file coords.txt (compact mmCIF, C-alpha atoms)
# COMPACT_ATOMS: atom_id res chain seq x y z
CA MET A 1 19.18 27.80 -6.97
CA ASP A 2 18.76 24.26 -8.16
CA ASN A 3 21.73 22.17 -9.06
CA GLY A 4 19.49 19.79 -10.90
CA ALA A 5 19.49 17.15 -8.16
CA THR A 6 16.77 14.64 -8.65
CA ASN A 7 16.01 11.62 -6.59
CA PRO A 8 15.17 8.10 -7.63
CA ALA A 9 11.51 8.78 -6.89
CA GLY A 10 11.54 11.52 -9.47
CA GLY A 11 10.37 14.09 -6.94
CA THR A 12 11.48 17.67 -6.65
CA GLY A 13 15.09 16.76 -5.82
CA GLU A 14 15.97 19.68 -3.61
CA SER A 15 13.27 19.34 -0.94
CA ASP A 16 13.57 15.57 -0.79
CA ARG A 17 17.28 15.83 -0.41
CA ALA A 18 16.95 18.52 2.26
CA PHE A 19 14.57 16.25 4.18
CA PHE A 20 16.91 13.29 3.74
CA GLU A 21 19.95 15.23 4.91
CA ARG A 22 18.16 16.66 7.94
CA GLU A 23 17.00 13.20 9.01
CA ILE A 24 20.39 11.58 8.50
CA VAL A 25 22.31 14.31 10.31
CA GLY A 26 19.78 14.20 13.17
CA LEU A 27 20.18 10.44 13.50
CA LEU A 28 23.91 10.30 12.84
CA ASP A 29 25.00 9.72 16.47
CA ASN A 30 22.55 6.81 16.76
CA LEU A 31 23.37 5.35 13.36
CA TYR A 32 27.06 5.56 14.15
CA GLY A 33 26.57 4.25 17.72
CA ALA A 34 24.64 1.21 16.44
CA ALA A 35 27.13 0.68 13.60
CA LEU A 36 30.02 0.81 16.04
CA ARG A 37 28.46 -1.91 18.17
CA LEU A 38 27.61 -3.98 15.10
CA ALA A 39 30.96 -3.64 13.33
CA ARG A 40 33.00 -3.38 16.56
CA ASN A 41 35.51 -0.90 15.13
CA ARG A 42 35.44 2.72 13.96
CA ALA A 43 36.63 2.33 10.38
CA ASP A 44 34.10 -0.41 9.56
CA ALA A 45 31.35 1.47 11.41
CA GLU A 46 31.97 4.59 9.31
CA ASP A 47 31.91 2.58 6.08
CA LEU A 48 28.76 0.80 7.21
CA VAL A 49 26.91 4.06 7.86
CA ALA A 50 28.13 5.62 4.60
CA GLU A 51 27.03 2.57 2.59
CA ALA A 52 23.63 2.52 4.34
CA VAL A 53 23.12 6.23 3.61
CA ALA A 54 23.95 5.72 -0.08
CA LYS A 55 21.59 2.72 -0.31
CA ALA A 56 18.86 4.63 1.51
CA TRP A 57 19.02 7.48 -0.97
CA ALA A 58 18.95 5.05 -3.89
CA HIS A 59 15.72 3.56 -2.46
CA PHE A 60 14.26 6.74 -1.05
CA GLY A 61 11.35 6.55 -3.48
CA ALA A 62 10.22 3.31 -1.82
CA LEU A 63 9.72 5.08 1.53
CA HIS A 64 6.03 5.95 1.45
CA ASP A 65 5.61 7.11 5.05
CA ARG A 66 8.29 9.59 6.05
CA GLY A 67 7.27 9.18 9.67
CA CYS A 68 8.90 5.73 9.47
CA PHE A 69 12.26 7.09 8.34
CA ARG A 70 14.09 6.08 11.52
CA ALA A 71 13.02 2.41 11.45
CA TRP A 72 13.55 2.37 7.67
CA ILE A 73 17.14 3.62 7.77
CA PHE A 74 18.00 1.24 10.64
CA ARG A 75 16.58 -1.62 8.61
CA ILE A 76 18.90 -0.64 5.77
CA LEU A 77 21.81 -0.34 8.21
CA THR A 78 21.26 -3.85 9.63
CA ASN A 79 20.76 -5.36 6.18
CA THR A 80 23.95 -3.70 4.97
CA PHE A 81 25.74 -5.18 7.97
CA PHE A 82 24.38 -8.66 7.19
CA SER A 83 25.49 -8.41 3.55
CA GLU A 84 28.93 -7.30 4.61
CA CYS A 85 29.21 -10.14 7.15
CA ARG A 86 28.19 -12.70 4.57
CA ARG A 87 30.73 -11.30 2.15
CA THR A 88 33.69 -11.07 4.49
CA ARG A 89 33.08 -13.44 7.37
CA THR A 90 30.57 -15.77 5.82
CA LEU A 91 27.97 -15.23 8.52
CA SER A 92 25.47 -17.90 7.61
CA LEU A 93 21.73 -18.03 8.06
CA GLU A 94 22.38 -20.98 10.38
CA GLU A 95 24.44 -18.76 12.65
CA MET A 96 21.58 -16.32 12.86
CA THR A 97 18.97 -18.96 13.60
CA GLU A 98 20.94 -21.72 15.33
CA HIS A 99 19.64 -20.86 18.81
CA ASP A 100 16.01 -20.30 17.84
CA ASP A 101 14.97 -23.90 18.46
CA ASP A 102 16.98 -24.42 21.63
CA PRO A 103 14.91 -25.17 24.73
CA ALA A 104 14.44 -22.10 26.92
CA PRO A 105 17.61 -21.66 28.97
CA GLU A 106 17.65 -21.22 32.70
CA ALA A 107 17.02 -17.48 32.99
CA PHE A 108 20.10 -15.81 34.41
CA SER A 109 19.41 -12.86 36.65
CA LEU A 110 22.20 -10.50 37.60
CA PHE A 111 19.92 -9.07 40.27
CA GLU A 112 19.56 -12.48 41.93
CA GLN A 113 23.31 -13.09 41.73
CA LEU A 114 23.92 -9.80 43.49
CA HIS A 115 21.64 -10.99 46.27
CA GLN A 116 23.44 -14.22 46.99
CA PRO A 117 23.87 -14.82 50.73
CA PHE A 118 27.62 -14.20 50.70
CA LEU A 119 27.02 -10.69 49.39
CA LEU A 120 24.27 -9.76 51.79
CA TRP A 121 26.66 -8.21 54.29
CA TRP A 122 27.06 -5.54 51.71
CA SER A 123 24.34 -2.95 52.14
CA ASN A 124 23.04 -2.35 48.63
CA PRO A 125 24.79 -4.61 46.11
CA GLU A 126 22.78 -3.65 43.03
CA GLU A 127 23.32 0.04 43.72
CA GLU A 128 27.05 -0.58 44.09
CA PHE A 129 27.12 -2.63 40.92
CA LEU A 130 25.24 -0.04 38.85
CA ASN A 131 27.49 2.71 40.13
CA LYS A 132 30.64 0.80 39.32
CA VAL A 133 29.78 -0.72 35.97
CA LEU A 134 31.37 1.32 33.19
CA ARG A 135 30.26 1.95 29.66
CA ALA A 136 33.40 0.08 28.57
CA ASP A 137 32.22 -2.97 30.58
CA LEU A 138 28.86 -2.91 28.81
CA GLU A 139 30.45 -2.49 25.40
CA ARG A 140 32.79 -5.41 26.05
CA VAL A 141 29.97 -7.83 26.88
CA LEU A 142 27.78 -6.52 24.04
CA ASP A 143 30.58 -7.15 21.58
CA ALA A 144 30.96 -10.69 22.89
CA LEU A 145 27.31 -11.70 22.37
CA PRO A 146 26.52 -14.12 19.53
CA GLU A 147 25.41 -12.24 16.41
CA ALA A 148 21.71 -13.14 16.52
CA PHE A 149 21.37 -11.93 20.11
CA ARG A 150 23.63 -8.91 19.74
CA ILE A 151 21.55 -7.40 16.97
CA VAL A 152 18.23 -7.59 18.82
CA VAL A 153 19.78 -6.23 22.03
CA ILE A 154 21.29 -3.31 20.08
CA LEU A 155 18.00 -2.54 18.33
CA SER A 156 15.90 -2.85 21.49
CA ASP A 157 17.99 -1.77 24.47
CA LEU A 158 20.35 0.65 22.74
CA GLU A 159 18.12 2.12 20.04
CA GLY A 160 14.68 1.68 21.62
CA PHE A 161 12.81 0.01 18.76
CA ASN A 162 9.72 -2.03 19.63
CA TYR A 163 9.41 -5.77 18.91
CA GLN A 164 7.25 -5.21 15.82
CA GLU A 165 9.76 -2.81 14.30
CA ILE A 166 12.67 -5.16 15.01
CA ALA A 167 10.72 -8.10 13.52
CA GLY A 168 10.21 -6.01 10.37
CA MET A 169 13.89 -5.10 10.18
CA LEU A 170 15.08 -8.69 10.56
CA ASP A 171 12.22 -10.37 8.67
CA VAL A 172 11.44 -12.70 11.55
CA PRO A 173 8.26 -13.21 13.64
CA VAL A 174 7.74 -11.07 16.75
CA GLY A 175 8.01 -14.23 18.89
CA THR A 176 11.52 -14.80 17.56
CA VAL A 177 12.51 -11.25 18.49
CA ARG A 178 11.15 -11.78 22.01
CA SER A 179 12.95 -15.09 22.40
CA ARG A 180 16.30 -13.83 21.05
CA LEU A 181 16.05 -10.75 23.21
CA SER A 182 15.37 -12.78 26.32
CA ARG A 183 18.31 -15.11 25.65
CA GLY A 184 20.56 -12.24 24.68
CA ARG A 185 19.80 -10.31 27.85
CA ALA A 186 20.29 -13.37 30.04
CA LEU A 187 23.66 -14.03 28.43
CA LEU A 188 24.64 -10.38 28.68
CA GLN A 189 23.82 -10.36 32.40
CA LYS A 190 25.73 -13.58 32.92
CA MET A 191 28.81 -12.11 31.22
CA LEU A 192 28.48 -8.88 33.19
CA TRP A 193 28.32 -10.89 36.40
CA GLU A 194 31.36 -12.98 35.49
CA GLN A 195 33.27 -9.88 34.47
CA ALA A 196 32.36 -8.10 37.69
CA ARG A 197 33.31 -11.13 39.76
CA ASP A 198 36.62 -11.66 37.95
CA HIS A 199 37.59 -8.02 38.31
CA GLY A 200 36.50 -7.77 41.92
CA LEU A 201 33.92 -5.21 40.88
CA THR A 202 31.25 -6.66 43.10
CA ALA A 203 32.95 -5.88 46.40
CA PRO A 204 36.40 -5.14 47.79
CA ASP A 205 37.07 -8.64 49.07
CA THR A 206 34.43 -10.58 47.21
CA ALA A 207 37.01 -12.76 45.55
CA ALA A 208 38.10 -14.37 48.78
CA ARG A 209 34.52 -14.82 50.02
CA ASN A 210 33.48 -16.05 46.63
CA THR A 211 36.16 -18.74 46.52
CA LYS A 212 35.17 -19.86 49.96
CA SER A 213 31.50 -20.01 48.98
CA ILE A 214 32.19 -21.99 45.85
CA GLY A 215 34.53 -24.26 47.77
CA GLN A 216 31.90 -24.92 50.38
CA ALA A 217 29.13 -25.56 47.88
CA MET B 1 -12.57 -1.58 32.65
CA ASN B 2 -11.92 -3.23 36.02
CA ASP B 3 -10.76 -6.59 34.74
CA ILE B 4 -7.52 -6.27 36.61
CA ARG B 5 -6.66 -9.40 38.57
CA LEU B 6 -3.96 -9.87 41.14
CA ILE B 7 -0.90 -11.57 39.74
CA ASN B 8 1.80 -13.38 41.69
CA CYS B 9 5.58 -12.93 41.58
CA GLU B 10 6.05 -15.74 39.06
CA GLU B 11 3.69 -14.09 36.59
CA ALA B 12 5.24 -10.70 37.27
CA LEU B 13 8.71 -12.04 36.48
CA GLN B 14 7.45 -13.62 33.27
CA ARG B 15 6.13 -10.23 32.19
CA LEU B 16 9.13 -8.29 33.43
CA PHE B 17 10.80 -7.47 30.11
CA ASP B 18 7.57 -7.02 28.17
CA TYR B 19 6.65 -4.49 30.84
CA LEU B 20 9.98 -2.67 30.61
CA ASP B 21 9.79 -2.67 26.81
CA HIS B 22 6.21 -1.29 26.84
CA GLU B 23 4.95 -4.39 25.05
CA LEU B 24 2.08 -5.27 27.43
CA ASP B 25 -1.53 -4.47 26.65
CA GLU B 26 -3.30 -2.02 28.93
CA THR B 27 -4.81 -4.61 31.30
CA ARG B 28 -1.65 -6.67 31.71
CA HIS B 29 0.35 -3.49 32.20
CA ALA B 30 -2.07 -2.34 34.93
CA GLU B 31 -1.85 -5.76 36.62
CA MET B 32 1.92 -5.48 36.64
CA GLU B 33 1.79 -1.97 38.11
CA GLN B 34 -0.62 -3.19 40.79
CA HIS B 35 1.75 -6.02 41.72
CA LEU B 36 4.70 -3.64 41.90
CA LYS B 37 2.82 -1.48 44.38
CA ILE B 38 2.52 -4.33 46.84
CA CYS B 39 5.66 -6.43 46.23
CA ARG B 40 8.95 -4.94 47.35
CA GLY B 41 11.05 -7.78 45.86
CA CYS B 42 9.64 -7.42 42.33
CA TYR B 43 9.71 -3.64 42.61
CA SER B 44 13.44 -3.72 43.42
CA ARG B 45 14.08 -6.12 40.54
CA VAL B 46 12.18 -3.89 38.08
CA GLU B 47 14.06 -0.80 39.27
CA PHE B 48 17.38 -2.61 38.82
CA GLU B 49 16.51 -3.78 35.29
CA LYS B 50 15.28 -0.29 34.39
CA ARG B 51 18.53 1.28 35.47
CA LEU B 52 20.62 -1.33 33.70
CA LYS B 53 18.58 -0.66 30.56
CA VAL B 54 19.27 3.07 30.87
CA LYS B 55 22.99 2.31 31.22
CA LEU B 56 22.85 0.14 28.10
CA SER B 57 20.97 2.73 26.09
CA GLY B 58 23.89 5.08 26.77
CA ALA B 59 25.98 2.90 24.47
CA GLY B 60 23.47 3.40 21.64
CA ALA B 61 24.68 6.81 20.54
CA GLU B 62 28.24 7.88 19.87
CA LYS B 63 29.46 11.15 18.52
CA PRO B 64 31.38 10.38 15.35
CA ALA B 65 34.52 12.27 14.34
CA THR B 66 33.77 15.63 12.71
CA GLU B 67 35.56 14.40 9.57
CA PHE B 68 33.03 11.60 9.35
CA GLU B 69 30.07 13.96 9.64
CA GLN B 70 31.64 16.01 6.84
CA ARG B 71 32.09 12.85 4.77
CA ILE B 72 28.36 12.06 5.13
CA ARG B 73 27.30 15.62 4.30
CA LYS B 74 29.55 15.56 1.24
CA LEU B 75 28.13 12.18 0.22
CA ILE B 76 24.57 13.51 0.44
CA GLY B 77 25.63 16.70 -1.33
CA ASN B 78 26.72 14.60 -4.29
CA PHE B 79 23.38 12.81 -4.63

call {"tool": "encode", "arguments": {"input": "coords.txt", "output": "structure tokens"}}
result
Amino acid sequence: MDNGATNPAGGTGESDRAFFEREIVGLLDNLYGAALRLARNRADAEDLVAEAVAKAWAHFGALHDRGCFRAWIFRILTNTFFSECRRTRTLSLEEMTEHDDDPAPEAFSLFEQLHQPFLLWWSNPEEEFLNKVLRADLERVLDALPEAFRIVVILSDLEGFNYQEIAGMLDVPVGTVRSRLSRGRALLQKMLWEQARDHGLTAPDTAARNTKSIGQA
Amino acid sequence: MNDIRLINCEEALQRLFDYLDHELDETRHAEMEQHLKICRGCYSRVEFEKRLKVKLSGAGAEKPATEFEQRIRKLIGNF
């Protein structure tokens, strides 16, 4: 009944492994979803998850509170991603922190853009926008965000971690998480707006009105 | 208990994402809720951001290929 499996913590192998497997399989769609947005392609996302799972098992003994498994495995996933980036694309610490000291940018609000006077003829612009925006549109702008912003947006908006948990995963203060998240969301909304405008997603003949508005400004 | 003060739109907008992310303390959360009951503009903005957030969260999970799930099970099986 026992194949002799032991774990690095020296526990009773079988039950620890059963717990580990149940947790991983239960979280697999989320781990893979986050990995796909981090790595931006399927093959790398699969390798990223597999490597994170192997590392997690190797350090399973260090997990003292099993209730924290989800945050713990995501921390390992993001750290594995960072290591891989440094190895292959030389993602530097500077790249991760280069925007942290920038002055607060002008907050960009998609909602306010949708309520510009030239769009007001249109009955409910935000409703129209939300109905028309596709998952592919969201994925495209997410993939285009700078690394430091992309990671916090993925962990917060896509995976639902709180600021404290994200700060723990990235080893940065909570204030840094809040600031990166705010900038990341503003940039994401700006890109969504530009994408919608360029593809005429905002309204059937917005392009013509838009040009006129810009021309008149 | 009743330390809730009325906040204006500027304050409400500053708290917008902390509110949506459930990062406000009880009093500040209640102040925000109070403001949203009386301000249609901020209410509409919050509803929009909420729905955009829901759309985004949809991109957080993705069903991997069955071969990949098998690969992970096999990996764990070998531990």

call {"tool": "interface_residues", "arguments": {"input": "coords.txt", "of": "chain B", "to": "chain A", "cutoff": "7 Å", "atoms": "all atoms listed in the file", "output": "list of chain:residue names"}}
result
B:Arg45, B:Phe48, B:Lys53, B:Leu56, B:Ser57, B:Gly58, B:Ala59, B:Gly60, B:Ala61, B:Glu62, B:Lys63, B:Pro64, B:Ile72, B:Ile76, B:Phe79

call {"tool": "atom_distance", "arguments": {"input": "coords.txt", "atom1": "atom CA of Thr27 of chain B", "atom2": "atom CA of Asp3 of chain B"}}
result
7.2 Å

call {"tool": "atom_distance", "arguments": {"input": "coords.txt", "atom1": "atom CA of Glu69 of chain B", "atom2": "atom CA of Ala56 of chain A"}}
result
16.7 Å

call {"tool": "atom_distance", "arguments": {"input": "coords.txt", "atom1": "atom CA of Arg40 of chain A", "atom2": "atom CA of Ala65 of chain B"}}
result
15.9 Å

call {"tool": "residues_near_point", "arguments": {"input": "coords.txt", "point": "(-8.6, -5.2, 37.9)", "cutoff": "9 Å", "atoms": "only C-alpha atoms", "output": "compact mmCIF listing (two decimals) with C-alpha atoms, in the frame of the given file"}}
result
# COMPACT_ATOMS: atom_id res chain seq x y z
CA MET B 1 -12.57 -1.58 32.65
CA ASN B 2 -11.92 -3.23 36.02
CA ASP B 3 -10.76 -6.59 34.74
CA ILE B 4 -7.52 -6.27 36.61
CA ARG B 5 -6.66 -9.40 38.57
CA LEU B 6 -3.96 -9.87 41.14
CA THR B 27 -4.81 -4.61 31.30
CA ALA B 30 -2.07 -2.34 34.93
CA GLU B 31 -1.85 -5.76 36.62
CA GLN B 34 -0.62 -3.19 40.79
